[in-house]
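Enquirer: Sharing a structure below in structure tokens format, with a few things to ask.
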Amino acid sequence: MSRLWGRVAGMFRSKSFIGADMTGNKYFSRTEQIDGLGEYCSSNLTVFVKEKRWVVFRREEDPTSIPVEWICWLNGQRKRAPTPEEMAELDARRERVKLNVALLKKEEEEKKAREGTGRKITSIGKAEGPELTSFVRHFPADSKGDKPDEASKEADQSRVKEHEPEIVTAEPPEPKTTEPSGSGSSFRPGTWQPPS
């Protein structure tokens, strides 16, 4: 029981003040011995010590008010706590970066304004697609047309027909199955759709 009491009392006595940040948050650490872990080596018990680190917030608990350097120290990524001189140097560097970013944004806006006045808008609305007639001519003739020119003309006409209203015929719909059908001679790439 006395050992437990000594441990609880030690929690409050052994904390040491490490530092404070610009917002007034205070940082503490405490070292604790871990019981039950250790080895006997020539009649001496090896004792492991663990350091606990924490912050006491000045006002309300706001984790976003902790500077990055102190977060690294709290997580154990830094062995030593940041000094006030280091924090002042880093704050000055952050301010220089902010000023450089503002200057670069201003230069970029001025550059866009100079380039934007000489640029003309050619058309407003839907842009035209690429010209594919020369591309289509490289493919072999379709079964519908004997010559490549006829195939490209038919492709152009089919594109024009896409924008026209579709005429619906009264043919019965083909039954949809999940199994593929056909002999392969009627195969057309890109026509098969998975069942939904």
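Chain lettering (A, B, ...) mirrors the order of the structure tokens, residue numbering begins at 1 for each chain separately, and ligand numbering begins at 1 in order of display.
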What lies within 7 Å of Pro82 of chain A using only C-alpha atoms, ignoring chain neighbours under 4 positions off, as a PyMOL selection string?

Expert: chain A and resi 69-70+86-87

Enquirer: Take the residues from that selection and put them in a file with C-alpha atoms, as an mmCIF file, in the first residue's frame.

Expert:
data_model
loop_
_atom_site.group_PDB
_atom_site.id
_atom_site.type_symbol
_atom_site.label_atom_id
_atom_site.label_comp_id
_atom_site.auth_asym_id
_atom_site.auth_seq_id
_atom_site.Cartn_x
_atom_site.Cartn_y
_atom_site.Cartn_z
ATOM 1 C CA GLU A 69 7.809 22.093 -32.833
ATOM 2 C CA TRP A 70 6.071 21.467 -29.516
ATOM 3 C CA GLU A 86 14.532 28.669 -32.047
ATOM 4 C CA MET A 87 10.811 29.469 -31.949
#

Enquirer: Calculate how many Å separate atom CA of Phe17 of chain A from atom CA of Leu74 of chain A, rounding to one decimal.

Expert: 13.2 Å

Enquirer: My list of candidates is A:Gln33, A:Thr83, A:Gln193, A:Gln77. Which is closest to Asp21 of chain A when distances are computed with only C-alpha atoms?

Expert: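 The shortest atom-to-atom distance to Asp21 of chain A comes from A:Thr83.
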
Enquirer: A:Arg114, A:Glu109, A:Leu132, A:Lys26: which is nearest Ile66 of chain A, counting only C-alpha atoms?

Expert: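 Comparing A:Arg114, A:Glu109, A:Leu132, A:Lys26 against Ile66 of chain A, the winner is A:Lys26.
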